[in-house]
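Trainee: Here you go, this is run05.csv (CSV, N, CA and C atoms).
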```csv
chain,number,residue,atom,x,y,z
S,16,MET,N,44.6,19.3,28.4
S,16,MET,CA,45.0,18.9,27.1
S,16,MET,C,45.9,17.7,27.2
S,17,THR,N,45.6,16.6,26.5
S,17,THR,CA,46.4,15.4,26.5
S,17,THR,C,47.4,15.4,25.4
S,18,THR,N,48.6,14.9,25.7
S,18,THR,CA,49.6,14.9,24.7
S,18,THR,C,49.7,13.4,24.2
S,19,THR,N,49.6,13.3,22.9
S,19,THR,CA,49.7,12.0,22.3
S,19,THR,C,51.0,11.9,21.5
S,20,LEU,N,51.5,10.7,21.3
S,20,LEU,CA,52.8,10.5,20.6
S,20,LEU,C,52.4,10.4,19.1
S,21,GLN,N,52.8,11.5,18.3
S,21,GLN,CA,52.5,11.5,16.9
S,21,GLN,C,53.7,12.1,16.2
S,22,ARG,N,53.9,11.7,14.9
S,22,ARG,CA,54.9,12.3,14.1
S,22,ARG,C,54.5,13.7,13.7
S,23,SER,N,55.4,14.6,13.6
S,23,SER,CA,55.1,15.9,13.2
S,23,SER,C,54.9,16.1,11.7
S,24,ARG,N,54.0,16.9,11.3
S,24,ARG,CA,53.8,17.2,9.9
S,24,ARG,C,54.7,18.4,9.5
S,25,SER,N,54.9,19.4,10.4
S,25,SER,CA,55.5,20.6,10.0
S,25,SER,C,57.0,20.7,10.3
S,26,ASP,N,57.4,20.0,11.4
S,26,ASP,CA,58.8,20.1,11.8
S,26,ASP,C,59.5,18.8,11.7
S,27,LYS,N,59.8,18.4,10.4
S,27,LYS,CA,60.4,17.1,10.2
S,27,LYS,C,61.6,17.2,9.2
S,28,MET,N,62.6,16.4,9.4
S,28,MET,CA,63.7,16.3,8.5
S,28,MET,C,63.6,15.0,7.7
S,29,ILE,N,63.3,13.9,8.3
S,29,ILE,CA,63.1,12.7,7.6
S,29,ILE,C,61.7,12.2,7.6
S,30,ALA,N,61.2,11.9,8.8
S,30,ALA,CA,59.9,11.3,9.0
S,30,ALA,C,59.1,12.0,10.1
S,31,GLY,N,59.7,12.9,10.8
S,31,GLY,CA,59.0,13.6,11.9
S,31,GLY,C,59.0,12.9,13.2
S,32,VAL,N,59.8,11.8,13.3
S,32,VAL,CA,59.8,11.0,14.5
S,32,VAL,C,60.5,11.8,15.7
S,33,ALA,N,61.6,12.4,15.4
S,33,ALA,CA,62.3,13.2,16.4
S,33,ALA,C,61.4,14.4,16.9
S,34,ALA,N,60.8,15.0,16.0
S,34,ALA,CA,59.9,16.2,16.4
S,34,ALA,C,58.7,15.7,17.2
S,35,GLY,N,58.2,14.5,16.9
S,35,GLY,CA,57.1,14.0,17.6
S,35,GLY,C,57.5,13.6,19.0
S,36,LEU,N,58.7,13.0,19.1
S,36,LEU,CA,59.2,12.6,20.5
S,36,LEU,C,59.5,13.8,21.3
S,37,ALA,N,60.1,14.9,20.7
S,37,ALA,CA,60.3,16.1,21.4
S,37,ALA,C,59.1,16.8,21.9
S,38,GLN,N,58.1,16.8,21.1
S,38,GLN,CA,56.8,17.4,21.5
S,38,GLN,C,56.1,16.6,22.6
S,39,TYR,N,56.2,15.2,22.5
S,39,TYR,CA,55.6,14.4,23.6
S,39,TYR,C,56.3,14.6,24.9
S,40,PHE,N,57.6,14.6,24.9
S,40,PHE,CA,58.4,14.7,26.2
S,40,PHE,C,58.6,16.2,26.6
S,41,GLY,N,58.2,17.1,25.8
S,41,GLY,CA,58.3,18.6,26.1
S,41,GLY,C,59.7,19.1,26.1
S,42,SER,N,60.5,18.6,25.2
S,42,SER,CA,61.9,19.1,25.1
S,42,SER,C,62.1,19.7,23.7
S,43,ASP,N,63.4,20.2,23.5
S,43,ASP,CA,63.7,20.8,22.3
S,43,ASP,C,64.0,19.7,21.2
S,44,VAL,N,63.6,19.9,20.0
S,44,VAL,CA,63.7,18.9,18.9
S,44,VAL,C,65.2,18.7,18.6
S,45,THR,N,66.0,19.8,18.7
S,45,THR,CA,67.4,19.6,18.4
S,45,THR,C,68.1,18.7,19.4
S,46,ILE,N,67.8,18.7,20.6
S,46,ILE,CA,68.3,17.8,21.6
S,46,ILE,C,67.9,16.4,21.3
S,47,VAL,N,66.7,16.1,20.9
S,47,VAL,CA,66.3,14.8,20.6
S,47,VAL,C,67.0,14.3,19.3
S,48,ARG,N,67.1,15.2,18.3
S,48,ARG,CA,67.8,14.8,17.1
S,48,ARG,C,69.3,14.4,17.4
S,49,LEU,N,70.0,15.2,18.2
S,49,LEU,CA,71.3,14.9,18.6
S,49,LEU,C,71.4,13.6,19.4
S,50,ALA,N,70.5,13.4,20.3
S,50,ALA,CA,70.4,12.1,21.0
S,50,ALA,C,70.3,10.9,20.1
S,51,LEU,N,69.4,11.0,19.1
S,51,LEU,CA,69.2,10.0,18.2
S,51,LEU,C,70.5,9.7,17.3
S,52,VAL,N,71.2,10.7,16.9
S,52,VAL,CA,72.4,10.6,16.2
S,52,VAL,C,73.5,9.9,17.1
S,53,LEU,N,73.6,10.3,18.3
S,53,LEU,CA,74.5,9.7,19.2
S,53,LEU,C,74.2,8.2,19.5
S,54,LEU,N,72.9,7.9,19.6
S,54,LEU,CA,72.4,6.6,19.8
S,54,LEU,C,72.8,5.7,18.6
S,55,PHE,N,72.6,6.2,17.4
S,55,PHE,CA,73.0,5.5,16.2
S,55,PHE,C,74.5,5.2,16.2
S,56,LEU,N,75.3,6.2,16.5
S,56,LEU,CA,76.8,6.1,16.5
S,56,LEU,C,77.3,5.2,17.6
S,57,LEU,N,76.7,5.3,18.8
S,57,LEU,CA,77.2,4.4,19.9
S,57,LEU,C,76.8,3.0,19.7
S,58,THR,N,75.7,2.7,19.1
S,58,THR,CA,75.2,1.3,18.9
S,58,THR,C,75.6,0.7,17.6
S,59,HIS,N,76.4,1.5,16.8
S,59,HIS,CA,76.9,1.0,15.5
S,59,HIS,C,75.8,0.7,14.6
S,60,GLY,N,74.7,1.5,14.6
S,60,GLY,CA,73.6,1.3,13.7
S,60,GLY,C,72.5,0.4,14.1
S,61,VAL,N,72.6,-0.2,15.3
S,61,VAL,CA,71.6,-1.1,15.8
S,61,VAL,C,70.3,-0.3,16.1
S,62,ALA,N,70.4,1.0,16.4
S,62,ALA,CA,69.2,1.8,16.7
S,62,ALA,C,68.4,2.2,15.5
S,63,LEU,N,69.0,1.9,14.3
S,63,LEU,CA,68.3,2.3,13.1
S,63,LEU,C,67.0,1.5,12.9
S,64,PRO,N,66.9,0.2,13.2
S,64,PRO,CA,65.6,-0.5,13.1
S,64,PRO,C,64.6,0.1,14.1
S,65,ILE,N,65.0,0.6,15.3
S,65,ILE,CA,64.1,1.2,16.2
S,65,ILE,C,63.5,2.4,15.6
S,66,TYR,N,64.3,3.3,15.0
S,66,TYR,CA,63.8,4.5,14.3
S,66,TYR,C,62.8,4.1,13.2
S,67,ILE,N,63.1,3.1,12.4
S,67,ILE,CA,62.2,2.7,11.4
S,67,ILE,C,60.9,2.1,11.9
S,68,ILE,N,61.0,1.4,13.0
S,68,ILE,CA,59.7,0.9,13.6
S,68,ILE,C,58.9,2.0,14.2
S,69,LEU,N,59.6,3.0,14.8
S,69,LEU,CA,58.8,4.2,15.3
S,69,LEU,C,58.2,4.9,14.1
S,70,TRP,N,58.9,5.0,13.0
S,70,TRP,CA,58.3,5.7,11.8
S,70,TRP,C,57.1,5.0,11.3
S,71,ILE,N,57.0,3.7,11.4
S,71,ILE,CA,55.9,2.9,10.9
S,71,ILE,C,54.7,2.9,11.9
S,72,VAL,N,55.1,2.8,13.2
S,72,VAL,CA,54.1,2.7,14.3
S,72,VAL,C,53.4,4.0,14.7
S,73,MET,N,54.3,5.1,14.8
S,73,MET,CA,53.7,6.4,15.2
S,73,MET,C,52.8,7.0,14.2
S,74,PRO,N,51.6,7.3,14.6
S,74,PRO,CA,50.7,8.0,13.6
S,74,PRO,C,51.1,9.4,13.3
S,75,GLN,N,50.8,9.9,12.2
S,75,GLN,CA,51.1,11.3,11.8
S,75,GLN,C,50.0,12.2,12.4
S,76,GLU,N,50.4,13.3,12.9
S,76,GLU,CA,49.5,14.2,13.4
S,76,GLU,C,48.5,14.6,12.3
S,77,PRO,N,47.2,14.9,12.7
S,77,PRO,CA,46.2,15.2,11.7
S,77,PRO,C,46.5,16.5,11.0
S,78,ALA,N,46.0,16.6,9.8
S,78,ALA,CA,46.2,17.8,9.0
S,78,ALA,C,45.3,18.9,9.6
S,79,PRO,N,45.8,20.2,9.5
S,79,PRO,CA,44.9,21.2,10.1
S,79,PRO,C,43.6,21.4,9.2
S,80,ALA,N,42.6,21.7,9.9
S,80,ALA,CA,41.3,21.9,9.2
S,80,ALA,C,41.4,23.1,8.3
S,81,PRO,N,40.8,23.0,7.1
S,81,PRO,CA,40.9,24.1,6.1
S,81,PRO,C,40.1,25.3,6.7
S,82,ARG,N,40.6,26.5,6.4
S,82,ARG,CA,39.9,27.7,6.9
S,82,ARG,C,39.1,28.3,5.7
S,83,TYR,N,37.9,28.9,6.0
S,83,TYR,CA,37.1,29.5,5.0
S,83,TYR,C,36.8,30.9,5.4
S,84,ASP,N,36.6,31.8,4.4
S,84,ASP,CA,36.1,33.1,4.6
S,84,ASP,C,34.7,33.1,5.1
S,85,PRO,N,34.4,33.7,6.3
S,85,PRO,CA,33.0,33.6,6.8
S,85,PRO,C,32.0,34.4,6.0
S,86,TYR,N,32.4,35.3,5.1
S,86,TYR,CA,31.5,36.0,4.3
S,86,TYR,C,31.2,35.4,2.9
S,87,THR,N,32.3,34.9,2.3
S,87,THR,CA,32.1,34.3,1.0
S,87,THR,C,32.1,32.8,1.0
S,88,GLY,N,32.6,32.2,2.0
S,88,GLY,CA,32.7,30.7,2.0
S,88,GLY,C,33.8,30.1,1.2
S,89,GLN,N,34.7,31.0,0.7
S,89,GLN,CA,35.8,30.6,-0.1
S,89,GLN,C,36.9,30.1,0.8
S,90,PRO,N,37.7,29.1,0.4
S,90,PRO,CA,38.8,28.7,1.2
S,90,PRO,C,39.9,29.8,1.2
S,91,LEU,N,40.5,30.0,2.4
S,91,LEU,CA,41.6,31.0,2.6
S,91,LEU,C,42.9,30.3,2.2
S,92,GLY,N,43.8,31.1,1.5
S,92,GLY,CA,45.1,30.6,1.2
S,92,GLY,C,45.9,30.4,2.4
S,93,GLN,N,46.7,29.3,2.5
S,93,GLN,CA,47.5,29.0,3.6
S,93,GLN,C,48.9,29.6,3.4
```
As structure tokens, please, write out the structure in this file.

Mentor:
Amino acid sequence: MTTTLQRSRSDKMIAGVAAGLAQYFGSDVTIVRLALVLLFLLTHGVALPIYIILWIVMPQEPAPAPRYDPYTGQPLGQ
């Protein structure tokens, strides 16, 4: 299974960038979020454009395929 760098659809606070980075590097999303906040504070906001560029450049993970009842063909409620 290949891991691709994608913004998360389900685990996001602002844009899903931190969750996507955490999934890509195999770490906890809380650690990545704290690292991003520390980076913002230590660089006096210079890291903000980097976050915005990642927000624009990183593709969002694809939506899950809809599920259907095999007997009736009706879509199942999520």

Trainee: So which residues touch segment 75-78 of chain S within 7 Å, counting all atoms listed in the file, skipping near sequence neighbours fewer than 4 positions away, as a PyMOL selection string?

Mentor: chain S and resi 21-24

Trainee: Near Pro81 of chain S, within 8 Å and counting only N, CA and C atoms, which residues show up once chain neighbours fewer than 2 positions away are dropped, as number ranges by chain?

Mentor: S: 78-79, 83-84, 90-91

Trainee: Expressed in Å to a single decimal, how great is the separation between atom C of Ala50 of chain S and atom N of Thr19 of chain S?

Mentor: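 Spanning atom C of Ala50 of chain S to atom N of Thr19 of chain S is a straight-line distance of 21.0 Å.
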
Trainee: Atom C of Lys27 of chain S and atom C of Val44 of chain S, how far apart in Å?

Mentor: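 Taking atom C of Val44 of chain S as the start and atom C of Lys27 of chain S as the end point, the length is 10.2 Å.
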
Trainee: Could you pull out the helix (DSSP H, G or I) residues of chain S from DSSP and send them as a PyMOL selection string?

Mentor: chain S and resi 32-40+44-57+63-72

Trainee: Using Å and a single decimal, report how far atom C of Leu51 of chain S sits from atom N of Pro74 of chain S.

Mentor: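 If I compute the distance from atom N of Pro74 of chain S to atom C of Leu51 of chain S, I get 19.2 Å.
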
Trainee: Enumerate, as a list in words, the protein, DNA and RNA residues whose atoms approach (64.3, 8.1, 18.2) to within 6 Å, taking into account all atoms listed in the file and the coordinate frame of the file.

Mentor: Val32, Ala33, Leu51 and Tyr66 of chain S

Trainee: So that I can see what lies close to Tyr39 of chain S, please list as an MDAnalysis selection string the residues with an atom at most 7 Å from it, counting only N, CA and C atoms and leaving out residues fewer than 3 positions away in the same chain.

Mentor: chainID S and resid 18:21 34:36 42
